[in-house]
Amino acid sequence: MPWLSIQRLLKANKFMKNKKILIILSFTSLLAFIVINLSIGAVKVDFREIIKIIMERLGAIPYQNDISESTKYIILDVRLPRIIASYFVGGTLAISGAAYQGLLKNPMADPYILGISSGAAFGATISIVFFGGIKILGIASINLTAFIGAVLVVFIVYNIAKIGSDVPITMLLLSGIAMSQFLAALMAVMMLMFGESLHIIIHWTMGSLSGKGWDKVFSLIPYSLAGLAILLYLSRDMDLMLLGDENANNLGVNSERVKKTILFTTSIITGAAVAISGIIGFVGLIVPHAVRIFTGPRHKILLPVSFNAGGILLMFCDTFARSVITQEIPVGIVTAILGGPFFIFLLYKKKREVF
C-alpha cells in the first residue's frame, strides 16, 4: 500500500475546517516562546525587562534608565539574534523534511537524505583545512564552501539518478546514499592528514548556533522565506503527487518539473541553513510527522505549521544546549538525543505495518 492512500488524501480532515485558526495560534505563540527563551541563560532576565528592552529598541517607549546596558546587550545582541537564527534554521529544515517526505513518499526522509549534509560537511572541511577563517567576498569561507558543497552534491546526485527525462525515486535515494558514503570517506582521509584541524571539523559537524549574530540572521531569512513561498506555491501539485506520478500527470501536473523545482529549492535553503548552523539532524524528520497528526497531509497547511514548529523546537533545543550545564554543548547533540528514539519508533511502527 502507498504511504498515503488516495482515500486518506482526499478525505476531509477534521482539522482542516479550523486550519486558519491553527495557523494563527501556531504563529501567535511564537512571541511568547521567544520571550521565554530570552529569559533563560547564565544571566536571568525578568520577562517585563525583556519586553521593555525590545519596546525601547523599536522606539515604542522612551529610554529605560533602570535597565543596565549590559543586560540590553545580552538580550538584543547575544540572545535575540541566536534565537531568531535557530528559529529560521529549524523552520527551514522542517519544511525541507516535509517536502522530501512527500516527494519521496517515505516517512523517514529528511533534508539530508540526498547527501546535503555530507556535501556541506565536505565543503566546510575544505574551508577549515585550506582557508582557515578568512572571508571571501565578505562571507566567512566556511559558510560559503558549506553552501556550495550542499548545493553541488544535490546537483550531482540528481544527474546521476536521471534516466532520460525521468528521475526515478529509488535511483535518487541510492545515489544520495552512495555520494554520502563517498564524501564521508574523503572527510575521514582529510581529518587523518590534517589532524590539527580535527577538533574544529568535528565541532562543526555536531551543529552549533553559538556566536551567531544579526549578519547570519539576515543572510538566512531571504532563503527561508523564499523557499517557503515556492513550496507553498507548489502545495497543490505536491498533494496530487502523493497519488503517484502517473495519476498526478493525468491530473495535469508536470511531475518531473515539480520534482526538479522541489529538489532545487530544498537544496538551496537547506544549504543556506547548514552553512550557518553546521549539521543539525532529525528536525526535518520529527517535525513534519508531529505536525501531520494535527493538520493532515495537505501541504498548504502542513508547510507553514511545520516551519513554525521546527523553528520553535530548535529554539528550545538551542536554549537547552546553552543553559543546561556551565559548558555549552552543540545543539546537534540535543536534537540527536530527541531524534534517535523517534527514528527507532518509526522503524518499529513500520515493521509492525509490514508484518
# chains A, B, ... in the order shown; residues from 1 in each chain; ligands from 1
$ residues_around --residues "segment 267-275 of chain A" --least-positions-apart "6" --cutoff "6 Å" --atoms "only C-alpha atoms" --output "PyMOL selection string"
chain A and resi 89+143+146-147+150-151+223
$ residues_around --residues "Leu93 of chain A" --least-positions-apart "4" --cutoff "10 Å" --atoms "only C-alpha atoms" --output "list in words"
Phe88, Val89, Gly97, Ala98, Ala99, Asp110, Pro111, Tyr112, Ser224, Thr266, Ile269, Thr270, Gly271, Ala273, Val274, Ile280, Gly281, Phe282, Val283, Gly284, Leu285, Val287, Pro288, Ser306, Phe307, Gly310, Gly311 and Leu314 of chain A
$ residues_around --residues "segment 201-218 of chain A" --least-positions-apart "4" --cutoff "9 Å" --atoms "only C-alpha atoms" --output "VMD selection string"
chain A and resid 77 to 86 88 117 121 124 to 125 128 to 129 191 197 222 274 276 to 281 318 322 328 to 333
$ select_by_dssp --residues "segment 101-195 of chain A" --states "strand (DSSP E)" --output "list in words"
Lys135, Ile136, Ile139 and Ala140 of chain A
$ write_last_selection --atoms "C-alpha atoms" --output "CSV table (one decimal), in the first residue's frame"
chain,number,residue,atom,x,y,z
A,135,LYS,CA,36.4,35.8,4.3
A,136,ILE,CA,35.6,35.6,0.6
A,139,ILE,CA,31.4,36.0,3.7
A,140,ALA,CA,33.2,33.5,6.0
$ atom_distance --atom1 "atom CA of Gly41 of chain A" --atom2 "atom CA of Phe320 of chain A"
8.9 Å
$ residues_around --residues "Phe47 of chain A" --least-positions-apart "4" --cutoff "9 Å" --atoms "only C-alpha atoms" --output "PyMOL selection string"
chain A and resi 35-36+38-39+51-52
$ write_last_selection --atoms "C-alpha atoms" --output "compact mmCIF listing (two decimals), in the first residue's frame"
# COMPACT_ATOMS: atom_id res chain seq x y z
CA VAL A 35 10.40 35.91 25.37
CA ILE A 36 10.66 32.69 27.40
CA LEU A 38 15.33 35.21 26.05
CA SER A 39 14.89 34.96 29.81
CA ILE A 51 9.59 43.38 26.87
CA LYS A 52 10.79 46.86 27.89
$ atom_distance --atom1 "atom CA of Asp166 of chain A" --atom2 "atom CA of Phe264 of chain A"
15.5 Å
$ select_by_dssp --residues "segment 82-120 of chain A" --states "helix (DSSP H, G or I)" --output "number ranges by chain"
A: 82-104, 116-120
$ write_last_selection --atoms "C-alpha atoms" --output "PDB file, in the first residue's frame"
ATOM      1  CA  ARG A  82      20.807  33.496  18.144  1.00  0.00           C
ATOM      2  CA  ILE A  83      17.170  32.693  18.903  1.00  0.00           C
ATOM      3  CA  ILE A  84      15.991  34.157  15.581  1.00  0.00           C
ATOM      4  CA  ALA A  85      18.730  32.222  13.757  1.00  0.00           C
ATOM      5  CA  SER A  86      17.672  28.976  15.456  1.00  0.00           C
ATOM      6  CA  TYR A  87      14.059  29.661  14.512  1.00  0.00           C
ATOM      7  CA  PHE A  88      14.803  30.091  10.813  1.00  0.00           C
ATOM      8  CA  VAL A  89      17.267  27.188  10.687  1.00  0.00           C
ATOM      9  CA  GLY A  90      14.722  24.898  12.368  1.00  0.00           C
ATOM     10  CA  GLY A  91      11.882  26.139  10.178  1.00  0.00           C
ATOM     11  CA  THR A  92      13.929  25.671   7.012  1.00  0.00           C
ATOM     12  CA  LEU A  93      14.921  22.113   7.930  1.00  0.00           C
ATOM     13  CA  ALA A  94      11.308  21.280   8.847  1.00  0.00           C
ATOM     14  CA  ILE A  95       9.748  22.407   5.545  1.00  0.00           C
ATOM     15  CA  SER A  96      12.539  20.695   3.622  1.00  0.00           C
ATOM     16  CA  GLY A  97      11.763  17.499   5.530  1.00  0.00           C
ATOM     17  CA  ALA A  98       8.042  17.824   4.801  1.00  0.00           C
ATOM     18  CA  ALA A  99       8.792  18.346   1.102  1.00  0.00           C
ATOM     19  CA  TYR A 100      11.154  15.356   0.930  1.00  0.00           C
ATOM     20  CA  GLN A 101       8.740  13.060   2.737  1.00  0.00           C
ATOM     21  CA  GLY A 102       6.016  13.980   0.263  1.00  0.00           C
ATOM     22  CA  LEU A 103       8.272  13.828  -2.791  1.00  0.00           C
ATOM     23  CA  LEU A 104       9.906  10.504  -1.887  1.00  0.00           C
ATOM     24  CA  ILE A 116      23.111  17.527   1.533  1.00  0.00           C
ATOM     25  CA  SER A 117      24.707  17.158   4.969  1.00  0.00           C
ATOM     26  CA  SER A 118      27.691  15.298   3.562  1.00  0.00           C
ATOM     27  CA  GLY A 119      28.172  17.897   0.849  1.00  0.00           C
ATOM     28  CA  ALA A 120      28.017  20.745   3.362  1.00  0.00           C
TER      29      ALA A 120
END
$ closest_residue --among "A:Ile177, A:Ala229, A:Met171, A:Ile75" --to "Asn159 of chain A" --atoms "only C-alpha atoms"
A:Met171
$ residues_around --residues "Glu246 of chain A" --least-positions-apart "5" --cutoff "9 Å" --atoms "only C-alpha atoms" --output "NGL selection string"
:A and (241 or 251 or 255)
$ closest_residue --among "A:Gln181, A:Ser165, A:Asn250, A:Thr265" --to "Leu232 of chain A" --atoms "only C-alpha atoms"
A:Thr265
